[in-house]
Every structure is written in C-alpha cells, then in structure tokens.
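Quick notes on the structure that follows.
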Amino acid sequence: MRAKDLLTLEGASRADLREVLDLARDYASGTLDRPLLGKTVCLSFFEASTRTAVSFELAARRAGADVISLSEKGSSIQKGEGLVDTIVTLDSLGADAIVLRHPAAGAARIAALHTDAAVINAGDGRGQHPTQALLDLHALSGRFGGFEELEGRKVAVVGDVLHSRVARSIIPAFQAAGMQLAIVAPSTLLPLEAGAWGLPVLPSVDDAIDWGADVLYALRLQKERMTGGSPRVPSVGEYARYYGVARRHLEDGAVVMHPGPVNRGVEVAGDVVLDPSSLIADQVGSGVAVRSAVLALATGVARSRVAA
Amino acid sequence: MTHHAPTNIPTNGPGELVVRGAHVLDPSSGLDGVMDVRVLEGRIAEVGKDLKGTRTLEADGLHLFPGFVDVHAHWRTPGREDEETIETGSAAAAAGGFTSVVMMPNTDPVIDRPVVVSGLVRRIERESRVRAYVSAALHEGLKGERLTEMRLMREAGAFCVSDDGLGTQSAGVLRNAMLYAKDAGMPVILHCEDHTLATGVVHDGVAAALAGLPGSPGSAEDVATATALVLAAETGAKVHVTHVSTALSAALVGFFKGSVSGVDVTADTTPHHLTLTDDLVRTLEGMYRVNPPLRPEADKLSVGEALRDGILDFVATDHAPHASEEKDLPLEEAAPGFLGHETAFSALYTEMVLGGGLSLERLVGAMASAPGRWVDDGARRLESGASADLALVDLSEEWTVRAEGLLSRSGNSPYIGRTLKGRIVATMVGGELVQDRTGARFGLRA
Ligand SMILES: [Zn+2]
C-alpha cells in the first residue's frame, strides 16, 4: 500500500485536519506507545533549520522510530547531491518516511514521485510548510477550547506573505478549520495579484484589530528585505509601526502567533513575545506531538479513517 | 485622514474685498467674462455683477485667474539658503501668480526622514507666503537603493514622494517604491533620466555637435519615461512624470493614457522647454545648462502640442535657483537649472498664446486648474465657497526681465534681457494679498 504523503495543505478537508489533531492530542496526553517502532524516518534538510529538524527528530524518536539524518555537515546533501539522487538513495536504504526541507517550491512533490516512502514536506521554498500549520491549529485548539471552537474566529496574517511558505499553508488550513482570514502587509510583501487568496488586505495591525481579529499571526521578516537590489521595507521603525504586533493590540483579548524565530521589536514587540496572550511558546510545544501524529498517519501505523 | 495642505495661510483673511471689473477666466468653473468677485474671510463669497464690499479693488482691464500651482520647485532649503530660502522662493512664486508650490526633496540634507519633513513643515508654516507642499524623497538619500519611511513621512506632513534631480536607475527599486508609495497614499513625481545614456551636458543635437559639447540623447529621457509608464501601469501607483521635454516622451505619455488600462498617470512640461531651444547652447554659457536639456525646435513644438491637447496635463517650472558662481562658468562646468516662478506666465503668454500655439484658456488650465486638481483633488476653483487663491494679471503690460528685479535670491533666469508681455499685478492666497503691485497702479480703496 502506498504511504500517505503530506505535501501540501491546499485542498485539505476539515476531517483531514481533525484526524491529525485528534491523534496529536492523544499523543500529547501520553498515550504514545512507540507506534513507529521498527520504522525508519529519514530527515533530509537541503536548507538549514535547526528548530524544525529537532522537532521532527524528537517526534520520530519519541514514537520509537529509527532516525537517519542527512542534515549534518559532511553529509551527501552538504556535498551538493541532487534532490532526486538523495531520495532514491534513502528509498534504497528502506526509509519508511522521508522528511524533506528544500529551498525550492515543489521539491516535496518531485521527491514523492521517486520513492514509495511517505514524503513529509518540512518546508519547500515559498511553497508549503504543512506541519507548521497543523501545529498552529493544535495550539489554537488548545487556546480556544477545541478544534470546533475555531469556527468563525478571525485571523490576521501579518507581514511577508510573498516569501512565506507558512502563509501558503496556514491560509488554506485555517480556512478549512472555519476561520476567517485577512492579510496585513505592504504591497511590496505581497504578490502583484494580492487578491489571489480572495482575502481582504489591511494596511496595518491597528486596522486588523478594528476588523475584529482574534488572532494576529505575524510572519518573519528577513532583514534583507530592506536592502539589496529589491528593497521592500524602508526600516525596522516603519515596519514595526504599521506591521508590528504591540501590547496595545492585545488589550482586547487578541492572541499573537509567530512561526519563529521572532525578530523581537520587529514583527512582535519584545515585551509581548512571552506574554500570556502570546501563543508562540504553545506553537513550539505543539510541534512534537503533531509531527509524531503526522509520521504515524503517513507510515500507516495509525490507520487513517479519512478516505484518500 | 489628515490632509497635507499647509496650515499657515489664514482662512480668516483681512475682512472683505471686492475685485471689480476684471475679466474672470477659470476653465474649471467655466467662467469667462467681466465680473466682480467678492472675497470674505479668505474665501470667495460671490461671483457676479455690481458686487459691493467694505473694500474694493478696481481691476478694469485686468484678468483674474485661479491662483497658479507649481508642482516642481527647488527652494534650496535646507542647505543652500544662499541660493533660495522659503521666504524668497515663496516671494518669487507669489510674484509669478503661484499660490501653491510643491518643494522638491533634493536638498541638503535630502528630505528623506520623518524628522526632516516635520522640520521643513514647521519652517514653511513660519516663512512661506504661499501654500507649500513637501515632496519627500522616494528613496534614501536619493541614491536609488533603499525605500524611505513614506508612511511616517506622510504622517509628518509630506504630500508626495519624488526622485527629482537624480531619477531612479533600477527599475526593480522603482517598482517597489511605486508599490510602497501607493500604500502610503502618496503620488510619485518622477524625474525620468537613464544615467547610462545621459552622459552629456546638453541635448545631443546639431548645436552640441557644432559647439563641441558632450551630448545626452533624447533616449536618456525616453527610455526612463517608458520604464516609469510601464511600471505605473503594472503597479497602479499614482505617477506624475515631470519635465517632459521630448516629442517621444510626450507621445509615450499619450499612448499610456489613451491605450493602457489601469494607469493613473499625469505629466508636465516646463516653460523653458516650451519656449527655448538648444540653439542657445551655441553661446557656451553656463546659464543655458539645464536638465533635462533644452531640445531642438521639433521637440519644443511637439511638447507644446501635447500640452495644448492635454496629453501633458500641466506646466511646472522646475524653479532651480543657483548662485552666480555655479552659473557664471563654461557650460560644461555649470550647475543645471533655471529660475522659473517669476517668468513662467509671461514667457508662456508671450511665446505660446500670442504666438498662436495655445489659447489663454488652456494656459490658465495648464497653470492653475490642472495642477490645482493634482494637489487638491479639485477643491480649488473660482466659485463661491472656494478658498480665495487668485492671480490678477495685466496682459497688456510689457516688461523686461532683469536679475535685479527678481525676488528670487538667485538670478539664473534664461529670460534675462528679454521683453515679455503680460505680468502679474497681484496674487492672493486665502484672501490675503501676498504679491501686490496694485498700489503703484490703482490704489486700494478702503
Ligand atoms: Zn527638479
């Protein structure tokens, strides 16, 4: 039987999301009896990402899997081996799941064509980062009292949507969960077709609060967006003034999220990162259980009830 | 939303005044005939026949126009107050019938930070005789590399953004700057010049060839104009192309306005490009260096036709004062730029209206109505309720331009020594006379 890849959350159904989150909740509450015992999970990171790699590794080991990591220095990836060759090699080594991080959108989809192992997209270029959106939903469900409670909540996605794979996963995932979305970003950090998602585009976080945002989801701003051949943001000061989440935005109960790592004082004011209204720590904390659940479903050790 | 019109002009002007018997001409309200205008508390109270008021200004034989608007001026403040100050620049503007002026950001320091904008706004409030709007820099230091804090500068009182003086050499930077300016709610004034082509000091034409001067081809402007228009169409930014000086650039503007959807583009040309040609560089005098350079007769005529037909929306002077030590030099070493405020109407009336190239109505439209709409979104018209921003003009007066007679702190007018017809008699901003030569001529009857 073909393994169940997790390549994208575009087109994910409510039931798809629910299944992962239910299993993750079970795992998080301790009913994790080494379901991946005897399975081999390969981490192949073509792009540095300590946080995501560590989270996946912990998720795989806690679930009892053997882990091969190709992310370290000196690995074949560091020596410039191509995507397909790496995937074919891992396939030959008997991988049951391949967790792939790659700088180009669509890499996970191509990888899946060359292996029978389950391919888990751990972030491909500006494309998708599905497990991030799933752990976000897990953290949100925890905060709002369950997945069903997310229905109708309003989320403002703030910042660099143009370059963000996180945005491309959370937008369809949050919508599938019944949440309402808006984008807050300068046109320079949006595609030219800013209406591609059919979402309202607001000019500042202040406007997002006026719109009624329950959640302010801040995206990471790369510093190089201010310089180089294509400057998109004038300064930290101006960015923080209009697109930074500040304490005043949280006074009426909105919560702040960020996929990390946070540039304090840029996307989120320093005094807000660890505030009780911040879900940032919960997001990180949700990662292991959610990724264990994803691996269990992908390798088939947890039987999916959702029709493929 | 805050508006960015200067606040120094009192709307409670000096009581009541009736301007009697002038020929009122305002293309935007359709007025064209002899009538009276009653001004009360800074606003036009009434336009009609036989109006009475506590004070009257007898204006038989004169013309009354809406105040002129100049969207392109260099008042050299801050940094080169030896060449022009807000006081002298605004006095020169008032002497030319201008009631609103946009100040360009290529000063020292460049107007590229909110604190510089707010400092300039405060100085304008204290020192300007006319309404002055701040154009902030489109990119940091006008270097074409980093965007400026446009939203914060707008909050500090900037009206628009511009790359004037230098242009933007990278299309990628220009595109992002347009997108960002659009978000900031500010129009963009563009100086279209490609530095890889603009390597000379005068137009690359017959005069340059014969005089032995390094020429910049028309393409230096046209390539950059095309780039700007393409990006304006793609981004939807509100873009104003300033000092259009070639036939091809004017045609490009016309094409984009007429045939490309989604463009929000306007354009101006200058009095000197409409009235002077590159023959003048045969003198080799530093005075005649200007950027964009004076062009051949064919370009001058095409640009004039484009203005007549509305392809070019209005006139802007590019008033660019320079100290004599920067102009009294061989042309190749001189600073580029001409004074513009005080001679603009007279030069255009003499050369274009009396020369048959432009109607008086279109000239008033090009100096007042169209640029007035651009800065004020149509608020300024000669009708009751509107702010009393007016220019009173004697079309029959002949005068010879002399440096010592100009109110600008500098003397670099290319019209020095020329006799022009038509002269501003009085200029009123918010009901207040900011330029007043009526005393010598008519007397103000209280
Ligand atoms: Zn200029």
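Within each chain, counting starts at residue 1; across the structure tokens, chains are named A, B, ... in the order shown, with ligands numbered 1 upward in that order.
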(request) Report the residues of region 59-262 of chain A whose backbone DSSP state falls under alpha helix (DSSP H), written as JSON, numbers by chain. (result) {"A": [59, 60, 61, 62, 83, 84, 85, 86, 87, 88, 89, 90, 91, 92, 107, 108, 109, 110, 111, 112, 130, 131, 132, 133, 134, 135, 136, 137, 138, 139, 140, 141, 142, 143, 144, 165, 166, 167, 168, 169, 170, 171, 172, 173, 174, 175, 176, 205, 206, 207, 208, 209, 210, 211, 236, 237, 238, 239, 240, 241, 242, 243]}
(message) I'd like the contact shell of Gly253 (chain A) - 10 Å cut-off, only C-alpha atoms, skipping same-chain residues fewer than 6 positions apart - returned as a list in words.
(response)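 My reading of the contact set: Ala213, Asp214, Val215 and Ser277 of chain A.
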(request) Determine, counting only C-alpha atoms, which protein, DNA and RNA residues have an atom within 10 Å of an atom of Ile44 (chain B); residues of the same chain fewer than 2 positions away are not included. Present the result as a list in words. (result)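 After dropping sequence-adjacent residues, the list is Glu16, Leu17, Val18, Val37, Arg38, Val39, Leu40, Glu41, Gly42, Glu46, Val47, Arg381, Leu382, Glu383, Ser384, Gly385, Ala386, Ser387, Ala388, Asp389, Leu390, Gly430 and Gly431 of chain B.
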(message) Here is a test: counting only C-alpha atoms and all ligand atoms, which residue of B:Val117, B:Ala209, B:Val239, B:Val290 is nearest to ligand 1?
(response)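 Answer, going by the shortest atom-to-atom distance: B:Val290.
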(message) Hey, which residues sit close to ligand 1? Say within 9 Å, counting only C-alpha atoms and all ligand atoms, and write them as a list in words.
(response)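 Written in the requested form, the residues are His72, Ala73, His74, Met104, Asn106, Asp164, Gly165, Leu166, His191, Thr242, His243, Asn291, Thr317, Asp318, His319, Ala320 and Gly337 of chain B.
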Residues from the last selection, N, CA, C and O atoms, saved as a compact mmCIF listing (two decimals), in the first residue's frame:
```
# COMPACT_ATOMS: atom_id res chain seq x y z
N HIS B 72 6.61 71.74 -9.06
CA HIS B 72 8.03 71.41 -9.16
C HIS B 72 8.89 72.64 -8.89
O HIS B 72 9.09 73.47 -9.77
N ALA B 73 9.38 72.75 -7.65
CA ALA B 73 10.25 73.88 -7.31
C ALA B 73 11.34 73.43 -6.35
O ALA B 73 11.16 72.53 -5.55
N HIS B 74 12.48 74.10 -6.49
CA HIS B 74 13.61 73.86 -5.59
C HIS B 74 13.86 75.15 -4.83
O HIS B 74 14.41 76.09 -5.39
N MET B 104 10.71 70.27 -3.89
CA MET B 104 11.38 69.01 -4.21
C MET B 104 12.40 68.62 -3.12
O MET B 104 12.97 69.49 -2.46
N ASN B 106 15.48 67.20 -3.12
CA ASN B 106 16.94 67.05 -3.29
C ASN B 106 17.70 68.21 -2.68
O ASN B 106 18.43 68.94 -3.34
N ASP B 164 13.24 63.44 -7.81
CA ASP B 164 13.67 64.53 -8.69
C ASP B 164 15.13 64.89 -8.50
O ASP B 164 15.66 64.91 -7.40
N GLY B 165 15.72 65.23 -9.63
CA GLY B 165 17.12 65.60 -9.65
C GLY B 165 18.00 64.45 -10.09
O GLY B 165 18.99 64.65 -10.79
N LEU B 166 17.64 63.25 -9.71
CA LEU B 166 18.51 62.10 -9.98
C LEU B 166 17.83 60.97 -10.73
O LEU B 166 18.48 60.19 -11.41
N HIS B 191 11.40 61.95 -12.09
CA HIS B 191 12.39 62.59 -12.94
C HIS B 191 12.95 61.46 -13.81
O HIS B 191 13.68 60.60 -13.32
N THR B 242 7.47 64.35 -14.52
CA THR B 242 7.73 65.78 -14.56
C THR B 242 8.71 66.13 -15.67
O THR B 242 9.39 65.27 -16.22
N HIS B 243 8.76 67.37 -16.01
CA HIS B 243 9.58 67.97 -17.06
C HIS B 243 9.78 67.09 -18.30
O HIS B 243 10.90 66.79 -18.70
N ASN B 291 18.56 70.50 -16.90
CA ASN B 291 18.31 69.07 -17.00
C ASN B 291 16.83 68.78 -16.76
O ASN B 291 16.34 69.12 -15.69
N THR B 317 7.37 74.60 -13.22
CA THR B 317 8.51 75.43 -13.64
C THR B 317 9.87 74.78 -13.46
O THR B 317 10.83 75.15 -14.12
N ASP B 318 10.01 73.82 -12.53
CA ASP B 318 11.34 73.32 -12.14
C ASP B 318 12.24 74.50 -11.74
O ASP B 318 13.42 74.55 -12.07
N HIS B 319 11.63 75.43 -11.00
CA HIS B 319 12.35 76.60 -10.47
C HIS B 319 13.59 76.12 -9.73
O HIS B 319 13.50 75.46 -8.70
N ALA B 320 14.77 76.44 -10.28
CA ALA B 320 16.02 75.87 -9.76
C ALA B 320 17.08 76.96 -9.60
O ALA B 320 17.92 77.17 -10.47
N GLY B 337 20.03 74.16 -14.38
CA GLY B 337 18.79 74.65 -13.79
C GLY B 337 18.54 76.12 -14.05
O GLY B 337 19.48 76.91 -14.20
```
(request) Residues of chain A near chain B: apply a cut-off of 8 Å, count only C-alpha atoms, and supply the list as a ChimeraX atom specification. (result) /A:186-188,192,203,226-235,238
Let me see the file: selected residues, N, CA and C atoms, as a short mmCIF file (atom, residue, chain, number, x, y, z; two decimals), in the first residue's frame.
```cif
data_model
loop_
_atom_site.label_atom_id
_atom_site.label_comp_id
_atom_site.auth_asym_id
_atom_site.auth_seq_id
_atom_site.Cartn_x
_atom_site.Cartn_y
_atom_site.Cartn_z
N PRO A 186 2.39 45.31 3.43
CA PRO A 186 2.58 46.28 2.35
C PRO A 186 2.55 45.54 1.01
N SER A 187 2.18 46.26 -0.04
CA SER A 187 2.11 45.65 -1.37
C SER A 187 3.44 45.05 -1.79
N THR A 188 4.53 45.59 -1.24
CA THR A 188 5.86 45.09 -1.60
C THR A 188 6.14 43.71 -1.01
N LEU A 192 1.98 40.47 -6.78
CA LEU A 192 1.30 41.54 -7.51
C LEU A 192 -0.20 41.29 -7.50
N PRO A 203 -4.17 47.68 5.89
CA PRO A 203 -2.92 48.44 5.87
C PRO A 203 -2.11 48.44 7.18
N MET A 226 15.07 44.88 3.37
CA MET A 226 15.22 46.34 3.44
C MET A 226 16.33 46.84 2.52
N THR A 227 17.17 45.92 2.07
CA THR A 227 18.33 46.37 1.29
C THR A 227 18.41 45.56 0.00
N GLY A 228 19.57 45.58 -0.60
CA GLY A 228 19.78 44.76 -1.79
C GLY A 228 19.12 45.37 -2.99
N GLY A 229 19.04 44.60 -4.04
CA GLY A 229 18.54 45.12 -5.29
C GLY A 229 17.04 45.30 -5.32
N SER A 230 16.35 44.77 -4.33
CA SER A 230 14.90 44.84 -4.33
C SER A 230 14.38 45.20 -2.94
N PRO A 231 14.60 46.46 -2.52
CA PRO A 231 14.16 46.86 -1.19
C PRO A 231 12.63 46.88 -1.13
N ARG A 232 12.09 46.31 -0.07
CA ARG A 232 10.63 46.19 0.03
C ARG A 232 10.07 46.86 1.28
N VAL A 233 10.93 47.13 2.23
CA VAL A 233 10.52 47.72 3.50
C VAL A 233 11.56 48.80 3.83
N PRO A 234 11.11 50.00 4.25
CA PRO A 234 12.10 51.05 4.46
C PRO A 234 12.96 50.87 5.70
N SER A 235 12.36 50.46 6.80
CA SER A 235 13.12 50.44 8.05
C SER A 235 12.39 49.57 9.06
N GLU A 238 9.61 51.82 10.66
CA GLU A 238 8.33 51.95 9.95
C GLU A 238 7.59 50.61 9.91
#
```
(message) For a test of reading the model, state the distance in Å between CA of Arg18 (chain A) and CA of Ser292 (chain A), rounded to one decimal.
(response)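 The value is 14.8 Å.
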(message) So that I can see what lies close to Ala63 (chain A), please list as a PyMOL selection string the residues with an atom at most 9 Å from it, counting only C-alpha atoms and leaving out residues fewer than 4 positions away in the same chain.
(response) chain A and resi 32-37+58-59+292-293+295-296
